[in-house]
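Colleague: My questions will all concern the structure given below.
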Amino acid sequence: MIDFWESIADNSIMLKRRIQKDIIKSLKQFPAVGLVGPRQAGKTTLAKMITDKLDKPVIYLDLENPQDLQKLDDAQLYLQQFQNHLIILDEAQRKPELFPLLRSMIDQDRKPGRFMILGSASPSLKRQASESLAGRIAYHELSPFTLDEIADGKDNFNKLWLRGGYPDSYLADSDESSTAWVQNFIQTHLERDLPVLGVRVPATTLFRFWTMAAHCNGQLWNASRLAESLGVDSKTSRRYLDILEDTFMIRQLQPFFGNVKKRLVKSPKVYIRDTGLLHTMLKIYSYDDLSANPILGVSWEGFCLEQIIALKPSRYDAYFYRTQSAAAAEIDLVLTRGLKVEIAIEIKYSLTPKLTKSSTNAINEVAPLKTWIVYPGEESYPIKKDIWTLPVSQLPRIFE
């Protein structure tokens with residue numbers, strides 16, 4: 001056990017993760033806790049940080065390790081030895097036949113904190129678990145580092161935006177080392193991780209698609225345009241997008257349809273979730289490169305969007321709003337409860353942010369309780385009634 005935990009304690013700093021307390025709370029309430037998120041986001045390290053705070057022994061099994069996998073040849077016999085332990089199953093989607101057994105074991109002894117299930121393919125893991133563990137499992141998603149998890153300061157902020165939040169990228173000793181790590185991560189994801197998950201698409205084809213998606217970051221999804229560029233049909237292009245979304249590489253932000261009287265855009269907007277991946281794929285290797293690149297504004301938009309969604313309580317759903325009419329109405333993000341827009345957010349890369357006519361139209365149409373204009377300044381001040389600017393460093397105020 002000690003050897004395993006020492007092996008994951010690399011030379012990086014163990015930064016406290018925002019969802020740590022929530023996971024500990026769930027372990028005290030639910031028999032099983034699921035922790036999903038992209039590879040290399042720090043799920044295993046976070047498990048270490050959590051188990052250090054628990055007053056019970058821990059067994060860790062990596063289902064990509066042949067030795068650990070062999071232990072589960074007779075899974076019931078092996079796992080029954082550890083009824084008083086927390087059993088961590090890493091990359092659990094690799095062995096879906098385990099889930100009915102876990103349900104049976106939980107139902108025989110329904111005490112909290114028996115299993116922690118880690119996975120890097122959210123839909124497949126949730127589908128497998130939901131069929132067997134409904135009512136027995138609580139899910140949490142771990143994103144790469146977010147602003148509230150790093151030290152305050154403009155240099156750290158710019159570093160997080162440029163390099164992205166993957167721990168090994170953000171904590172690298174130079175921008176060059178960070179870029180090299182991200183390039184290796186992309187290659188490994190395409191050539192090893194996806195085939196392990198059963199994806200049978202050539203790595204070069206998926207890399208071309210991923211790069212095209214990076215060039216379209218923050219734009220409405222146009223399946224036919226990307227399909228034509230790749231020489232495939234729209235259905236195949238859609239499948240490629242779903243593969244990258246399922247493994248947390250891409251986010252599809254859906255449009256809000258609360259106002260049925262309007263002609264609304266129906267296509268999602270597509271973002272590369274981590275700006276370090278986005279910048280590396282677009283050959284942006286330094287902050288000076290980023291500042292001079294036309295992608296600057298949409299990179300900032302995607303960066304702020306991910307920060308906000310990571311902070312978002314589960315009671316809110318996130319969408320964008322955009323009409324197709326001549327009197328266009330558009331706003332970057334709306335946070336809803338049911339069909340009611342409670343919060344509207346416009347994202348601007350400007351020290352003197354202003355609402356455009358289209359965003360003003362959108363605010364009038366969706367009638368949020370409050371509107372925030374997120375920007376890279378340092379002061380929050382009102383623009384109109386219930387419309388305030390908000391420095392990116394103060395994003396938690398959105399949900400206060």
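Every chain in the structure tokens takes a letter, A first, then B, and so on in the order presented; its residues are numbered from 1, and the ligands are numbered from 1 following the presented order.
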Near range 292-295 of chain A, counting only C-alpha atoms, which residues have an atom at most 10 Å away, once you skip same-chain residues fewer than 3 positions from it, shown as a compact mmCIF listing (two decimals) with C-alpha atoms, in the first residue's frame?

Modeller:
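Wrote it out as around.txt, contents follow:
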```txt
# COMPACT_ATOMS: atom_id res chain seq x y z
CA ALA A 214 -9.78 23.59 -31.92
CA HIS A 215 -9.85 26.01 -34.86
CA CYS A 216 -13.64 26.22 -34.40
CA ASN A 217 -13.44 26.69 -30.63
CA GLY A 218 -16.45 28.53 -29.24
CA LEU A 278 -6.38 24.22 -27.16
CA HIS A 279 -3.24 26.36 -27.25
CA LEU A 282 -3.02 25.75 -32.29
CA ILE A 284 0.46 28.79 -29.12
CA TYR A 287 1.68 34.11 -23.24
CA ASP A 288 3.10 36.50 -25.86
CA ASP A 289 1.94 34.09 -28.58
CA VAL A 298 -12.61 32.80 -27.69
CA SER A 299 -9.81 31.23 -25.65
CA TRP A 300 -10.69 33.60 -22.80
CA GLU A 301 -14.38 32.77 -23.23
```

Colleague: List the neighbours of Trp372 in chain A out to 12 Å using only C-alpha atoms; skip same-chain residues closer than 5 positions along the sequence, and give me the result as a PyMOL selection string.

Modeller: chain A and resi 308+331-335+342-348+353-355+359+363+380-392+394-399

Colleague: So, counting only C-alpha atoms, which residue among A:Arg18, A:Lys56, A:Arg337, A:Arg238 is closest to Leu147 in chain A?

Modeller: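 With only C-alpha atoms as the atom set, the closest residue is A:Arg18.
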
Colleague: Give me the residues within 10 Å of range 74-78 of chain A as a count of residues only, counting only C-alpha atoms and dropping any in the same chain fewer than 6 places off.

Modeller: 6

Colleague: Please measure the separation of CA of Leu69 in chain A and CA of Phe82 in chain A, giving the value in Å to one decimal.

Modeller: 16.4 Å

Colleague: Would you kindly return, as JSON, numbers by chain, each protein, DNA or RNA residue with an atom no farther than 12 Å from any atom of Asn184 in chain A, considering only C-alpha atoms and excluding same-chain residues fewer than 6 positions away?

Modeller: {"A": [40, 168, 169, 177, 178, 190, 191, 192, 277, 280, 281]}

Colleague: Given only C-alpha atoms as the basis, pick out the residue of A:Lys111, A:Lys159, A:His140, A:Arg103 nearest to Leu35 in chain A.

Modeller: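 Of all the options, A:His140 lies closest to Leu35 in chain A.
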